[in-house]
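Content type PDB, C-alpha atoms, from the file my_file10.pdb:
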ATOM      1  CA  MET R   8     -58.708 223.055  89.912
ATOM      2  CA  ALA R   9     -56.513 219.965  89.429
ATOM      3  CA  PHE R  10     -53.450 221.954  88.386
ATOM      4  CA  GLY R  11     -52.980 223.749  91.726
ATOM      5  CA  LYS R  12     -53.532 220.596  93.753
ATOM      6  CA  ASN R  13     -51.099 218.695  91.538
ATOM      7  CA  VAL R  14     -48.407 221.369  91.864
ATOM      8  CA  ALA R  15     -48.701 221.225  95.658
ATOM      9  CA  ARG R  16     -48.804 217.415  95.714
ATOM     10  CA  PHE R  17     -45.780 216.916  93.452
ATOM     11  CA  ARG R  18     -43.850 219.656  95.256
ATOM     12  CA  LYS R  19     -44.464 217.975  98.602
ATOM     13  CA  GLU R  20     -43.682 214.495  97.210
ATOM     14  CA  LYS R  21     -40.323 215.839  96.034
ATOM     15  CA  GLY R  22     -39.702 217.378  99.463
ATOM     16  CA  LEU R  23     -39.609 220.902  98.035
ATOM     17  CA  THR R  24     -40.756 224.118  99.668
ATOM     18  CA  GLN R  25     -42.427 226.796  97.581
ATOM     19  CA  GLU R  26     -39.135 228.710  97.712
ATOM     20  CA  ASP R  27     -37.272 225.652  96.363
ATOM     21  CA  LEU R  28     -39.745 225.449  93.497
ATOM     22  CA  VAL R  29     -39.173 229.138  92.736
ATOM     23  CA  LYS R  30     -35.424 228.473  92.431
ATOM     24  CA  LYS R  31     -35.887 225.416  90.218
ATOM     25  CA  SER R  32     -38.585 226.858  87.955
ATOM     26  CA  GLY R  33     -38.029 230.605  87.852
ATOM     27  CA  VAL R  34     -41.726 231.176  88.558
ATOM     28  CA  ALA R  35     -42.486 233.853  91.161
ATOM     29  CA  ILE R  36     -43.527 232.648  94.612
ATOM     30  CA  SER R  37     -46.697 234.770  94.521
ATOM     31  CA  GLN R  38     -47.752 232.930  91.348
ATOM     32  CA  ILE R  39     -46.975 229.520  92.833
ATOM     33  CA  ARG R  40     -49.094 230.405  95.889
ATOM     34  CA  ARG R  41     -51.999 231.497  93.663
ATOM     35  CA  TYR R  42     -51.752 228.330  91.554
ATOM     36  CA  GLU R  43     -51.681 226.061  94.594
ATOM     37  CA  ALA R  44     -54.654 227.930  96.082
ATOM     38  CA  GLY R  45     -56.553 227.520  92.806
ATOM     39  CA  LYS R  46     -56.890 231.293  92.364
ATOM     40  CA  SER R  47     -54.994 231.619  89.097
ATOM     41  CA  SER R  48     -54.477 229.714  85.855
ATOM     42  CA  PRO R  49     -50.963 229.400  84.412
ATOM     43  CA  THR R  50     -49.745 229.975  80.886
ATOM     44  CA  LEU R  51     -48.340 227.099  78.871
ATOM     45  CA  ASP R  52     -44.837 228.472  79.463
ATOM     46  CA  VAL R  53     -45.352 228.362  83.246
ATOM     47  CA  ILE R  54     -46.824 224.855  83.093
ATOM     48  CA  THR R  55     -43.751 223.698  81.149
ATOM     49  CA  LYS R  56     -41.337 225.302  83.628
ATOM     50  CA  LEU R  57     -43.120 223.792  86.633
ATOM     51  CA  ALA R  58     -43.369 220.335  85.019
ATOM     52  CA  LYS R  59     -39.623 220.329  84.320
ATOM     53  CA  ALA R  60     -38.800 221.612  87.806
ATOM     54  CA  LEU R  61     -40.975 218.930  89.409
ATOM     55  CA  GLY R  62     -39.794 216.159  87.069
ATOM     56  CA  VAL R  63     -43.283 215.259  85.864
ATOM     57  CA  SER R  64     -45.033 215.320  82.513
ATOM     58  CA  ILE R  65     -47.326 218.183  81.585
ATOM     59  CA  ASP R  66     -50.380 215.920  81.493
ATOM     60  CA  GLU R  67     -49.640 214.698  85.034
ATOM     61  CA  LEU R  68     -49.402 218.284  86.218
ATOM     62  CA  VAL R  69     -52.488 219.617  84.428
ATOM     63  CA  PHE R  70     -54.978 216.776  84.640
ATOM     64  CA  ASP R  71     -56.531 214.823  87.455
ATOM     65  CA  LYS R  72     -54.556 211.742  88.430
ATOM     66  CA  ALA R  73     -57.150 209.481  86.798
ATOM     67  CA  SER R  74     -56.880 211.258  83.453
ATOM     68  CA  GLY R  75     -53.097 211.396  83.185
ATOM     69  CA  ILE R  76     -52.917 209.489  79.926
ATOM     70  CA  ALA R  77     -49.214 208.798  79.588
ATOM     71  CA  ALA R  78     -48.518 208.409  83.300
ATOM     72  CA  GLY R  79     -51.306 205.875  83.674
ATOM     73  CA  LYS R  80     -49.827 203.623  81.029
ATOM     74  CA  LEU R  81     -46.097 204.312  81.236
ATOM     75  CA  MET R  82     -44.376 204.117  84.613
ATOM     76  CA  ASP R  83     -40.778 204.622  83.455
ATOM     77  CA  ARG R  84     -40.255 208.390  83.738
ATOM     78  CA  GLU R  85     -37.128 208.445  81.529
ATOM     79  CA  LEU R  86     -38.895 206.480  78.808
ATOM     80  CA  LEU R  87     -41.886 208.816  79.018
ATOM     81  CA  GLU R  88     -39.600 211.818  78.537
ATOM     82  CA  GLN R  89     -37.930 210.118  75.578
ATOM     83  CA  PHE R  90     -41.306 209.482  73.935
ATOM     84  CA  GLU R  91     -42.212 213.131  74.457
ATOM     85  CA  MET R  92     -38.952 214.127  72.723
ATOM     86  CA  VAL R  93     -39.590 211.675  69.876
ATOM     87  CA  SER R  94     -42.937 213.352  69.249
ATOM     88  CA  THR R  95     -41.064 216.545  68.304
ATOM     89  CA  LEU R  96     -38.951 214.809  65.635
ATOM     90  CA  GLY R  97     -39.645 214.963  61.938
ATOM     91  CA  GLU R  98     -41.856 212.392  60.260
ATOM     92  CA  ASP R  99     -38.955 210.290  58.902
ATOM     93  CA  ASP R 100     -37.190 210.146  62.269
ATOM     94  CA  ARG R 101     -40.426 209.224  64.089
ATOM     95  CA  LEU R 102     -41.006 206.440  61.557
ATOM     96  CA  ALA R 103     -37.454 205.147  62.127
ATOM     97  CA  VAL R 104     -37.996 205.110  65.911
ATOM     98  CA  LYS R 105     -41.286 203.231  65.440
ATOM     99  CA  LYS R 106     -39.583 200.619  63.243
ATOM    100  CA  ILE R 107     -36.770 200.149  65.771
ATOM    101  CA  LEU R 108     -39.284 199.725  68.600
ATOM    102  CA  GLU R 109     -41.338 197.297  66.549
ATOM    103  CA  GLY R 110     -38.216 195.227  65.829
ATOM    104  CA  ILE R 111     -37.255 195.080  69.499
ATOM    105  CA  ILE R 112     -40.801 194.130  70.515
ATOM    106  CA  VAL R 113     -40.980 191.342  67.900
ATOM    107  CA  LYS R 114     -37.539 190.071  68.994
ATOM    108  CA  HIS R 115     -38.713 189.979  72.625
ATOM    109  CA  GLN R 116     -41.911 188.125  71.678
ATOM    110  CA  VAL R 117     -39.976 185.521  69.678
ATOM    111  CA  GLU R 118     -37.458 185.016  72.483
ATOM    112  CA  LYS R 119     -40.311 184.620  74.946
ATOM    113  CA  MET R 120     -41.894 181.906  72.795
ATOM    114  CA  MET R 121     -38.567 180.153  72.203
ATOM    115  CA  ARG R 122     -37.455 179.988  75.835
ATOM    116  CA  PRO R 123     -37.262 176.446  77.090
ATOM    117  CA  ALA R 124     -39.550 175.549  79.932
ATOM    118  CA  VAL R 125     -37.911 175.932  83.296
ATOM    119  CA  GLU R 126     -36.457 172.562  84.164
ATOM    120  CA  LYS R 127     -37.333 171.126  87.522
ATOM    121  CA  SER R 128     -34.542 170.448  89.968
ATOM    122  CA  TRP R 129     -33.258 166.926  90.458
ATOM    123  CA  SER R 130     -34.813 166.740  93.917
ATOM    124  CA  GLN R 131     -38.234 167.809  92.550
ATOM    125  CA  ARG R 132     -38.080 165.178  89.809
ATOM    126  CA  PHE R 133     -36.948 162.546  92.322
ATOM    127  CA  ARG R 134     -39.839 163.406  94.650
ATOM    128  CA  GLU R 135     -42.346 163.065  91.784
ATOM    129  CA  ILE R 136     -40.913 159.697  90.831
ATOM    130  CA  THR R 137     -40.987 158.365  94.384
ATOM    131  CA  ASP R 138     -44.550 159.619  94.820
ATOM    132  CA  ARG R 139     -45.603 157.736  91.682
ATOM    133  CA  LEU R 140     -43.748 154.689  92.914
ATOM    134  CA  ALA R 141     -45.508 154.902  96.271
ATOM    135  CA  LYS R 142     -48.904 155.005  94.565
ATOM    136  CA  GLY R 143     -48.035 151.982  92.456
ATOM    137  CA  ALA R 144     -46.393 150.165  95.351
ATOM    138  CA  LYS R 145     -49.517 149.237  97.230
ATOM    139  CA  GLY R 146     -49.289 145.592  98.236
ATOM    140  CA  HIS R 147     -45.464 145.477  98.167
ATOM    141  CA  SER R 148     -43.264 145.198 101.223
ATOM    142  CA  GLN R 149     -41.043 148.035 102.448
ATOM    143  CA  LYS R 150     -38.005 145.907 101.711
ATOM    144  CA  GLU R 151     -39.058 145.505  98.070
ATOM    145  CA  LEU R 152     -39.681 149.265  97.780
ATOM    146  CA  ASP R 153     -36.311 150.124  99.320
ATOM    147  CA  LYS R 154     -34.602 147.811  96.842
ATOM    148  CA  VAL R 155     -36.339 149.485  93.838
ATOM    149  CA  ILE R 156     -35.505 152.961  95.141
ATOM    150  CA  ASP R 157     -31.865 152.002  95.756
ATOM    151  CA  GLU R 158     -31.614 150.632  92.216
ATOM    152  CA  ALA R 159     -33.161 153.812  90.792
ATOM    153  CA  VAL R 160     -30.746 156.042  92.734
ATOM    154  CA  ALA R 161     -27.785 153.923  91.605
ATOM    155  CA  ALA R 162     -28.925 154.105  87.983
ATOM    156  CA  VAL R 163     -29.279 157.882  88.147
ATOM    157  CA  ARG R 164     -25.847 158.291  89.712
ATOM    158  CA  THR R 165     -24.149 156.129  87.103
ATOM    159  CA  LYS R 166     -25.648 158.299  84.345
ATOM    160  CA  GLU R 167     -24.317 161.415  86.089
ATOM    161  CA  HIS R 168     -27.753 162.995  86.442
ATOM    162  CA  ALA R 169     -27.417 163.611  90.134
ATOM    163  CA  ARG R 170     -25.944 166.873  91.358
ATOM    164  CA  THR R 171     -23.615 166.993  94.286
TER     165      THR R 171
END
This entry written out as structure tokens:
Amino acid sequence: MAFGKNVARFRKEKGLTQEDLVKKSGVAISQIRRYEAGKSSPTLDVITKLAKALGVSIDELVFDKASGIAAGKLMDRELLEQFEMVSTLGEDDRLAVKKILEGIIVKHQVEKMMRPAVEKSWSQRFREITDRLAKGAKGHSQKELDKVIDEAVAAVRTKEHART
């Protein structure tokens, strides 16, 4: 039974003893022992109390790890709890929340598309230029190359492109 194993696993992950879980949940220790041993099935009320005490969703507590629907897709525990609360709202309020979320998502997508490409640093651009120069400089003397590079550096500095 996945439920009992999950109770024990989450309890241990939280560093709780069975007695600690009794205090946090209000569920009797004999019941917790039976659940963890797989000898008893809980009521929905008990599942809710244990999920809250362990800080996990009901689906995480009841189902196998692989079938925890919300937990598998949503890692932010606070956000998961907020979505669970939203599901209890009336139809109009749920629709308003959906529209707000949709607006935020669209805004994020537009901002992502509008972001300028990350500009390369001056030293990266300079290295690319000198590499291209070196490829095109075959057959020229080192003195000629040094002169061209010095002129390029001077031109960049006069245009205040260089960073100090």
For this session: List the residues selected by the PyMOL selection byres ((chain R and resi 27-39) around 9) in the file shown, writing them as a PyMOL selection string.
Result: chain R and resi 11+14-15+18+23-26+40-44+47+49+53+56-61
Export of the given selection (C-alpha atoms) as an mmCIF file, in the coordinates of the input:
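What ended up in selection_6.cif:
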data_model
loop_
_atom_site.group_PDB
_atom_site.id
_atom_site.type_symbol
_atom_site.label_atom_id
_atom_site.label_comp_id
_atom_site.auth_asym_id
_atom_site.auth_seq_id
_atom_site.Cartn_x
_atom_site.Cartn_y
_atom_site.Cartn_z
ATOM 1 C CA GLY R 11 -52.980 223.749 91.726
ATOM 2 C CA VAL R 14 -48.407 221.369 91.864
ATOM 3 C CA ALA R 15 -48.701 221.225 95.658
ATOM 4 C CA ARG R 18 -43.850 219.656 95.256
ATOM 5 C CA LEU R 23 -39.609 220.902 98.035
ATOM 6 C CA THR R 24 -40.756 224.118 99.668
ATOM 7 C CA GLN R 25 -42.427 226.796 97.581
ATOM 8 C CA GLU R 26 -39.135 228.710 97.712
ATOM 9 C CA ARG R 40 -49.094 230.405 95.889
ATOM 10 C CA ARG R 41 -51.999 231.497 93.663
ATOM 11 C CA TYR R 42 -51.752 228.330 91.554
ATOM 12 C CA GLU R 43 -51.681 226.061 94.594
ATOM 13 C CA ALA R 44 -54.654 227.930 96.082
ATOM 14 C CA SER R 47 -54.994 231.619 89.097
ATOM 15 C CA PRO R 49 -50.963 229.400 84.412
ATOM 16 C CA VAL R 53 -45.352 228.362 83.246
ATOM 17 C CA LYS R 56 -41.337 225.302 83.628
ATOM 18 C CA LEU R 57 -43.120 223.792 86.633
ATOM 19 C CA ALA R 58 -43.369 220.335 85.019
ATOM 20 C CA LYS R 59 -39.623 220.329 84.320
ATOM 21 C CA ALA R 60 -38.800 221.612 87.806
ATOM 22 C CA LEU R 61 -40.975 218.930 89.409
#
Problem set entry | Expected selection from the PyMOL selection byres ((chain R and resi 10) around 7), given as number ranges by chain | R: 8-9, 11-14, 68-70
Would you save the residues from that selection as a short mmCIF file (atom, residue, chain, number, x, y, z; two decimals), in the frame of the given file, using C-alpha atoms?
data_model
loop_
_atom_site.label_atom_id
_atom_site.label_comp_id
_atom_site.auth_asym_id
_atom_site.auth_seq_id
_atom_site.Cartn_x
_atom_site.Cartn_y
_atom_site.Cartn_z
CA MET R 8 -58.71 223.06 89.91
CA ALA R 9 -56.51 219.96 89.43
CA GLY R 11 -52.98 223.75 91.73
CA LYS R 12 -53.53 220.60 93.75
CA ASN R 13 -51.10 218.70 91.54
CA VAL R 14 -48.41 221.37 91.86
CA LEU R 68 -49.40 218.28 86.22
CA VAL R 69 -52.49 219.62 84.43
CA PHE R 70 -54.98 216.78 84.64
#
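Nearest to Glu20 (chain R) of all the residues R:Gly62, R:Gly97, R:Gly110, R:Gly143 is R:Gly62, based on all atoms listed in the file.
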Exercise. What is the CA of Val113 (chain R) to CA of Arg101 (chain R) distance in Å?
Worked result: 18.3 Å
Can you write out as a tab-separated table which residues of region 43-139 of chain R fall within 12 Å of region 157-165 of chain R, alongside each residue's closest atom pair and its distance in Å to one decimal, counting all atoms listed in the file and ordering rows by chain and ascending residue number?
residue	atom	partner	partner_atom	distance
R:Trp129	CA	R:Val163	CA	10.1
R:Ser130	CA	R:Val160	CA	11.5
R:Arg132	CA	R:Val163	CA	11.6
R:Phe133	CA	R:Val160	CA	9.0
R:Arg134	CA	R:Val160	CA	11.9
R:Ile136	CA	R:Ala159	CA	9.7
R:Thr137	CA	R:Ala159	CA	9.7
For this session: For the point (-42.0, 209.4, 72.6) in the file's frame, write as an MDAnalysis selection string all residues with an atom no more than 12 Å away, counting only C-alpha atoms.
Result: chainID R and resid 64 77 81 83:96 100:102 104:105 108
Take the selection from the previous step and output its residues with C-alpha atoms, as a short mmCIF file (atom, residue, chain, number, x, y, z; two decimals), in the coordinates of the input.
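Ended up saving to selection_38.cif:
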data_model
loop_
_atom_site.label_atom_id
_atom_site.label_comp_id
_atom_site.auth_asym_id
_atom_site.auth_seq_id
_atom_site.Cartn_x
_atom_site.Cartn_y
_atom_site.Cartn_z
CA SER R 64 -45.03 215.32 82.51
CA ALA R 77 -49.21 208.80 79.59
CA LEU R 81 -46.10 204.31 81.24
CA ASP R 83 -40.78 204.62 83.46
CA ARG R 84 -40.26 208.39 83.74
CA GLU R 85 -37.13 208.44 81.53
CA LEU R 86 -38.90 206.48 78.81
CA LEU R 87 -41.89 208.82 79.02
CA GLU R 88 -39.60 211.82 78.54
CA GLN R 89 -37.93 210.12 75.58
CA PHE R 90 -41.31 209.48 73.94
CA GLU R 91 -42.21 213.13 74.46
CA MET R 92 -38.95 214.13 72.72
CA VAL R 93 -39.59 211.68 69.88
CA SER R 94 -42.94 213.35 69.25
CA THR R 95 -41.06 216.54 68.30
CA LEU R 96 -38.95 214.81 65.64
CA ASP R 100 -37.19 210.15 62.27
CA ARG R 101 -40.43 209.22 64.09
CA LEU R 102 -41.01 206.44 61.56
CA VAL R 104 -38.00 205.11 65.91
CA LYS R 105 -41.29 203.23 65.44
CA LEU R 108 -39.28 199.72 68.60
#
Problem set entry | Gap from CA of Thr55 (chain R) to CA of Gly22 (chain R) - Å, one decimal | 19.8 Å
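A straight line drawn from CA of Asp52 (chain R) to CA of Ile65 (chain R) is 10.8 Å long.
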